[in-house]
Amino acid sequence: MAFRSKLFFLEVGGNNGYTIFSRDFVSHRGIFPYNRGMDKERKSQLLAEKNRLAKQGGGQKRIDAQHQRGKLTARERLELLLDEGTFEEIGRFVTHRCTDFGLDKESFLGDGVVTGYGLVNGRMVYVYAQDFTVFGGSLAEAHAEKICRLLDMAIKNGAPIIGLNDSGGARIQEGVVSLGGYADVFYRNTKASGVIPQLSAIMGPCAGGAVYSPALTDFIFMVEQTSYMFVTGPNVVKTVTHEEISSEELGGANTHASTSGVSHFTAANDVECIEELKKVLSYIPQNCEELPPSLSYDEVGEKDCSALNEVIPALASQPYDMRSVVDGIVDDDSFLEVQKDFAENMIVGFARIEGRSVGIVANQPMVLAGVLDIHSSAKGARFVRFCDAFNIPLLVLVDVPGFLPGTDQEWNGVISNGAKLLYAFCEATVPRITVITRKAYGGAYDVMNSKHIGADLNFAWPMAEIAVMGAKGASEIIFRSEIRKASNPDEKLAEKIQEYADKFENPYIAASRGYIDEVIQPSETRKKVARGLKMLENKVDSMPKKRHGNIPL
């Protein structure tokens with residue numbers, strides 16, 4: 001005998017787009033009573049009505065409120081992201097199973113997250129989009145199960161997973177079950193790390209435990225003025241530390257782009273955010289077993305690189321923009337910078353050389369003379385490890401006077417953070433090419449992908465200076481006694497500086513030792529790098545067998 005019960009149903013209309021009412025039914029929730037005698041037409045009507053309700057989310061009133069905030073709905077975002085007509089939804093009719101605190105009277109198909117798969121520029125991706133119009137996009141048991149299932153499928157089938165986050169956090173009514181759901185997602189994010197690319201777009205609130213899933217993924221995109229991330233919100237901060245701060249100041253897109261470095265890309269609105277996400281996808285492979293996509297390249301109109309001969313200033317202390325070097329080497333308009341506004345003394349990003357995807361890591365002399373410090377080291381290390389995980393060759397452009405000195409750096413761990421960058425390069429087995437454009441001093445020379453830590457090809461421009469330190473500092477140490485005894489110490493110091501510079505401030509001693517493979521004219525760089533990457537395309541290398549290394553976190 002079928003189980004009969006009286007439960008609550010949703011009907012279009014009324015407050016927030018729905019009216020709650022009860023109706024007897026047999027073993028099924030729906031707009032129509034379901035029984036063995038329902039004919040084929042009414043069953044079809046029931047399916048059509050359920051599909052319509054599922055696609056309407058929390059109802060028109062809440063959709064309008066979402067638009068008034070300058071935000072798109074979950075399904076509108078998916079339409080922009082995926083190729084037209086390719087989205088296949090999974091779990092459309094899933095609902096929560098909680099009956100506490102009034103949830104037995106309110107249920108929505110999909111439970112606040114749209115999950116499925118589709119194509120982005122012809123390539124398979126898995127995607128979930130949290131629906132803020134349903135329970136504020138809050139995560140609970142059924143919601144989390146849908147995301148976990150999608151992650152499991154993405155890992156098994158070797159395709160990227162994209163999360164469009166817009167959630168008020170854990171669904172409080174479900175208590176610890178919600179917390180367990182978060183942990184289930186975190187566990188799968190970690191399993192997927194380095195296996196498939198994981199991209200997170202923060203397109204609304206993301207607070208408390210919700211922040212850790214995006215933090216475990218490869219790249220985070222944020223939308224200005226409408227998205228924010230923080231572990232504890234402004235009200236808690238005020239209670240605990242008595243600080244008055246807004247959500248935007250505490251964890252908005254600009255804060256995480258420039259101050260914390262949590263966000264990798266920012267956009268003015270949802271549309272731009274999704275376009276940026278699609279652009280990043282175009283540089284990376286489907287999974288760790290595949291090569292990144294290549295574009296066809298026409299060699300007939302070979303790029304004119306002569307401008308690179310004029311990039312380096314005559315004075316060694318004068319800065320220049322390393323982006324002009326990057327642009328002079330890579331395919332036109334192909335450079336996509338990552339974390340552009342954070343740790344600006346280090347440049348990282350994707351580009352193409354003769355149609356092939358490459359990762360760029362470069363010092364930026366325009367900011368702090370291009371020194372390595374805590375933030376730039378961590379920024380570079382994370383990017384290097386991503387590229388190595390997904391078979392993206394690395395091009396490293398070096399102009400580094402050393403590590404930033406000072407108590408702030410030492411007390412906050414410049415040693416362990418510098419070691420992160422060193423570890424990342426040492427660990428990388430993808431093709432690695434280094435070009436020293438000007439300075440390469442001290443330990444920073446070693447760290448920036450030197451031959452000694454496994455670089456495949458190392459080039460230097462004629463004006464490159466490879467030494468333990470600058471000529472002035474070295475002369476003051478080496479010739480201290482001689483300078484002090486001289487009748488004119490300043491004149492003697494100048495003499496010794498010139499002597500040291502003539503001997504060491506050039507690339508030829510390093511080249512004589514084989515640390516530099518070739519000294520080249522700047523205008524030859526693109527050709528040399530392109531040929532080097534072609535030569536290295538079948539490179540096979542591996543690390544010693546182990547469970548995993550212990551990177552200095």
# chains A, B, ... in the order shown; residues from 1 in each chain; ligands from 1
>>> select_by_dssp(residues="stretch 51-273 of chain A", states="alpha helix (DSSP H)", output="MDAnalysis selection string")
chainID A and resid 51:56 60:68 74:81 141:157 176:192 212:216 234:241 247:251 253:255 270:273
>>> residues_around(residues="stretch 283-292 of chain A", least_positions_apart="4", cutoff="12 Å", atoms="only C-alpha atoms", output="ChimeraX atom specification")
/A:119-120,122-126,154-161,192-199,218-219,276-279,334-337,349-353,355-359,386-393,430,537-538
>>> write_last_selection(atoms="N, CA and C atoms", output="compact mmCIF listing (two decimals), in the first residue's frame")
# COMPACT_ATOMS: atom_id res chain seq x y z
N LEU A 119 29.80 23.03 -22.80
CA LEU A 119 31.01 23.37 -23.56
C LEU A 119 31.33 24.86 -23.42
N VAL A 120 32.61 25.16 -23.32
CA VAL A 120 33.11 26.53 -23.40
C VAL A 120 34.07 26.58 -24.57
N GLY A 122 33.79 25.03 -27.25
CA GLY A 122 33.93 23.68 -27.77
C GLY A 122 34.58 22.68 -26.84
N ARG A 123 34.96 23.11 -25.63
CA ARG A 123 35.65 22.21 -24.69
C ARG A 123 34.75 21.91 -23.49
N MET A 124 34.75 20.65 -23.07
CA MET A 124 33.90 20.21 -21.98
C MET A 124 34.33 20.82 -20.64
N VAL A 125 33.35 21.31 -19.88
CA VAL A 125 33.58 21.77 -18.52
C VAL A 125 32.41 21.33 -17.65
N TYR A 126 32.67 21.19 -16.37
CA TYR A 126 31.61 20.99 -15.39
C TYR A 126 31.43 22.31 -14.64
N ALA A 154 33.93 15.37 -12.56
CA ALA A 154 34.98 16.13 -13.24
C ALA A 154 36.33 15.44 -13.10
N ILE A 155 36.61 14.91 -11.91
CA ILE A 155 37.87 14.20 -11.69
C ILE A 155 37.93 12.94 -12.54
N LYS A 156 36.86 12.16 -12.53
CA LYS A 156 36.85 10.90 -13.28
C LYS A 156 36.97 11.12 -14.78
N ASN A 157 36.38 12.21 -15.28
CA ASN A 157 36.33 12.44 -16.72
C ASN A 157 37.36 13.44 -17.22
N GLY A 158 38.15 14.00 -16.29
CA GLY A 158 39.28 14.84 -16.69
C GLY A 158 38.90 16.12 -17.39
N ALA A 159 38.01 16.91 -16.78
CA ALA A 159 37.61 18.19 -17.36
C ALA A 159 37.58 19.25 -16.27
N PRO A 160 37.83 20.52 -16.62
CA PRO A 160 37.84 21.59 -15.62
C PRO A 160 36.49 21.73 -14.93
N ILE A 161 36.53 22.22 -13.70
CA ILE A 161 35.30 22.53 -12.98
C ILE A 161 35.29 24.01 -12.63
N ALA A 192 41.02 17.05 -6.26
CA ALA A 192 41.05 17.51 -7.65
C ALA A 192 42.25 18.39 -7.96
N SER A 193 42.89 18.94 -6.92
CA SER A 193 43.99 19.89 -7.12
C SER A 193 45.14 19.24 -7.89
N GLY A 194 45.55 19.87 -8.97
CA GLY A 194 46.63 19.35 -9.79
C GLY A 194 46.18 18.26 -10.75
N VAL A 195 44.93 17.83 -10.66
CA VAL A 195 44.39 16.82 -11.57
C VAL A 195 43.59 17.50 -12.68
N ILE A 196 42.69 18.38 -12.28
CA ILE A 196 41.90 19.16 -13.23
C ILE A 196 41.97 20.64 -12.81
N PRO A 197 41.89 21.56 -13.76
CA PRO A 197 41.82 22.98 -13.39
C PRO A 197 40.52 23.27 -12.64
N GLN A 198 40.64 24.09 -11.58
CA GLN A 198 39.47 24.50 -10.80
C GLN A 198 39.43 26.03 -10.78
N LEU A 199 38.33 26.60 -11.26
CA LEU A 199 38.19 28.05 -11.32
C LEU A 199 36.97 28.47 -10.51
N ASP A 218 42.29 26.89 -8.20
CA ASP A 218 43.47 27.45 -8.85
C ASP A 218 43.41 28.96 -9.06
N PHE A 219 42.24 29.46 -9.47
CA PHE A 219 42.11 30.90 -9.73
C PHE A 219 40.78 31.40 -9.20
N GLU A 276 36.44 37.04 -18.72
CA GLU A 276 37.82 36.85 -18.25
C GLU A 276 38.06 35.37 -17.91
N LEU A 277 37.07 34.75 -17.30
CA LEU A 277 37.19 33.33 -16.96
C LEU A 277 37.36 32.48 -18.22
N LYS A 278 36.60 32.77 -19.24
CA LYS A 278 36.71 32.03 -20.49
C LYS A 278 38.07 32.24 -21.15
N LYS A 279 38.61 33.44 -20.99
CA LYS A 279 39.93 33.73 -21.55
C LYS A 279 41.00 32.88 -20.87
N SER A 334 48.69 38.66 -26.69
CA SER A 334 48.41 37.35 -26.10
C SER A 334 48.69 37.30 -24.60
N PHE A 335 49.28 38.35 -24.03
CA PHE A 335 49.65 38.29 -22.62
C PHE A 335 48.45 38.55 -21.73
N LEU A 336 48.17 37.61 -20.83
CA LEU A 336 47.08 37.73 -19.86
C LEU A 336 47.68 37.70 -18.47
N GLU A 337 47.75 38.87 -17.82
CA GLU A 337 48.43 38.97 -16.53
C GLU A 337 47.54 38.45 -15.41
N GLY A 349 51.80 35.56 -15.54
CA GLY A 349 50.65 35.51 -16.43
C GLY A 349 50.84 34.52 -17.56
N PHE A 350 49.82 34.38 -18.37
CA PHE A 350 49.84 33.47 -19.51
C PHE A 350 50.07 34.26 -20.80
N ALA A 351 50.70 33.59 -21.76
CA ALA A 351 50.90 34.20 -23.08
C ALA A 351 51.05 33.07 -24.09
N ARG A 352 51.24 33.47 -25.35
CA ARG A 352 51.51 32.48 -26.39
C ARG A 352 52.76 32.89 -27.16
N ILE A 353 53.52 31.90 -27.51
CA ILE A 353 54.68 32.11 -28.38
C ILE A 353 54.52 31.16 -29.57
N GLY A 355 51.83 30.59 -31.04
CA GLY A 355 50.58 29.88 -30.82
C GLY A 355 50.57 28.96 -29.63
N ARG A 356 51.72 28.69 -29.01
CA ARG A 356 51.80 27.77 -27.88
C ARG A 356 51.64 28.51 -26.56
N SER A 357 50.90 27.92 -25.65
CA SER A 357 50.67 28.51 -24.33
C SER A 357 51.94 28.42 -23.48
N VAL A 358 52.30 29.54 -22.83
CA VAL A 358 53.45 29.56 -21.92
C VAL A 358 53.08 30.36 -20.68
N GLY A 359 53.75 30.07 -19.58
CA GLY A 359 53.60 30.85 -18.36
C GLY A 359 54.77 31.81 -18.23
N PHE A 386 51.25 25.98 -10.53
CA PHE A 386 50.10 25.73 -11.41
C PHE A 386 50.57 25.32 -12.79
N CYS A 387 51.49 26.08 -13.36
CA CYS A 387 51.97 25.78 -14.70
C CYS A 387 52.60 24.40 -14.76
N ASP A 388 53.38 24.05 -13.74
CA ASP A 388 54.01 22.73 -13.73
C ASP A 388 52.98 21.62 -13.62
N ALA A 389 51.91 21.85 -12.84
CA ALA A 389 50.87 20.84 -12.68
C ALA A 389 50.15 20.56 -14.00
N PHE A 390 50.06 21.57 -14.87
CA PHE A 390 49.24 21.44 -16.07
C PHE A 390 50.04 21.61 -17.36
N ASN A 391 51.31 21.20 -17.32
CA ASN A 391 52.12 21.06 -18.54
C ASN A 391 52.29 22.34 -19.33
N ILE A 392 52.37 23.47 -18.64
CA ILE A 392 52.55 24.75 -19.32
C ILE A 392 54.01 25.19 -19.17
N PRO A 393 54.77 25.30 -20.26
CA PRO A 393 56.18 25.69 -20.18
C PRO A 393 56.34 27.06 -19.53
N VAL A 430 58.34 20.87 -16.17
CA VAL A 430 57.98 21.35 -17.51
C VAL A 430 59.19 22.05 -18.13
N GLU A 537 59.74 20.33 -26.41
CA GLU A 537 58.33 19.94 -26.34
C GLU A 537 58.13 18.48 -25.94
N ASN A 538 59.14 17.64 -26.14
CA ASN A 538 59.03 16.23 -25.73
C ASN A 538 59.83 15.93 -24.47
>>> select_by_dssp(residues="stretch 96-177 of chain A", states="strand (DSSP E)", output="list in words")
Val113, Val114, Thr115, Gly116, Tyr117, Gly118, Leu119, Val120, Arg123, Met124, Val125, Tyr126, Val127, Tyr128, Ala129, Gln130, Ile161, Ile162, Gly163, Leu164 and Asn165 of chain A
>>> atom_distance(atom1="atom CA of A:Arg52", atom2="atom CA of A:Ala65")
19.6 Å
>>> residues_around(residues="A:Glu302", least_positions_apart="6", cutoff="12 Å", atoms="only C-alpha atoms", output="count of residues only")
9
>>> atom_distance(atom1="atom CA of A:Ala74", atom2="atom CA of A:His256")
23.2 Å
>>> closest_atom_pairs(of="stretch 175-257 of chain A", to="stretch 138-147 of chain A", cutoff="12 Å", atoms="only C-alpha atoms", output="tab-separated table")
residue	atom	partner	partner_atom	distance
A:Gly175	CA	A:Ala140	CA	8.5
A:Val176	CA	A:Ala140	CA	9.1
A:Val177	CA	A:Glu141	CA	5.9
A:Ser178	CA	A:Ala140	CA	4.3
A:Leu179	CA	A:Ala140	CA	7.8
A:Gly180	CA	A:Glu141	CA	7.7
A:Gly181	CA	A:Ala144	CA	5.0
A:Tyr182	CA	A:Ala144	CA	6.8
A:Ala183	CA	A:Ala144	CA	9.2
A:Asp184	CA	A:Ala144	CA	7.5
A:Val185	CA	A:Ala144	CA	6.8
A:Phe186	CA	A:Ala144	CA	10.3
A:Tyr187	CA	A:Ile147	CA	11.7
A:Arg188	CA	A:Ile147	CA	9.5
A:Asn189	CA	A:Ile147	CA	10.4
A:Gly204	CA	A:Ser138	CA	11.8
A:Pro205	CA	A:Ser138	CA	10.2
A:Cys206	CA	A:Ser138	CA	9.9
A:Ala207	CA	A:Ser138	CA	10.6
A:Gly208	CA	A:Ser138	CA	11.6
A:Gly209	CA	A:Leu139	CA	10.2
A:Ala210	CA	A:Leu139	CA	8.4
A:Ser213	CA	A:Ile147	CA	11.0
>>> closest_residue(among="A:Gln130, A:Thr259, A:Gln318, A:Ser107", to="A:Ala343", atoms="only C-alpha atoms")
A:Thr259
>>> residues_around(residues="A:Ile433", least_positions_apart="3", cutoff="12 Å", atoms="only C-alpha atoms", output="PyMOL selection string")
chain A and resi 358-362+392-398+425+428-430+436+448-451+453-460+516-518+525-526+528-536
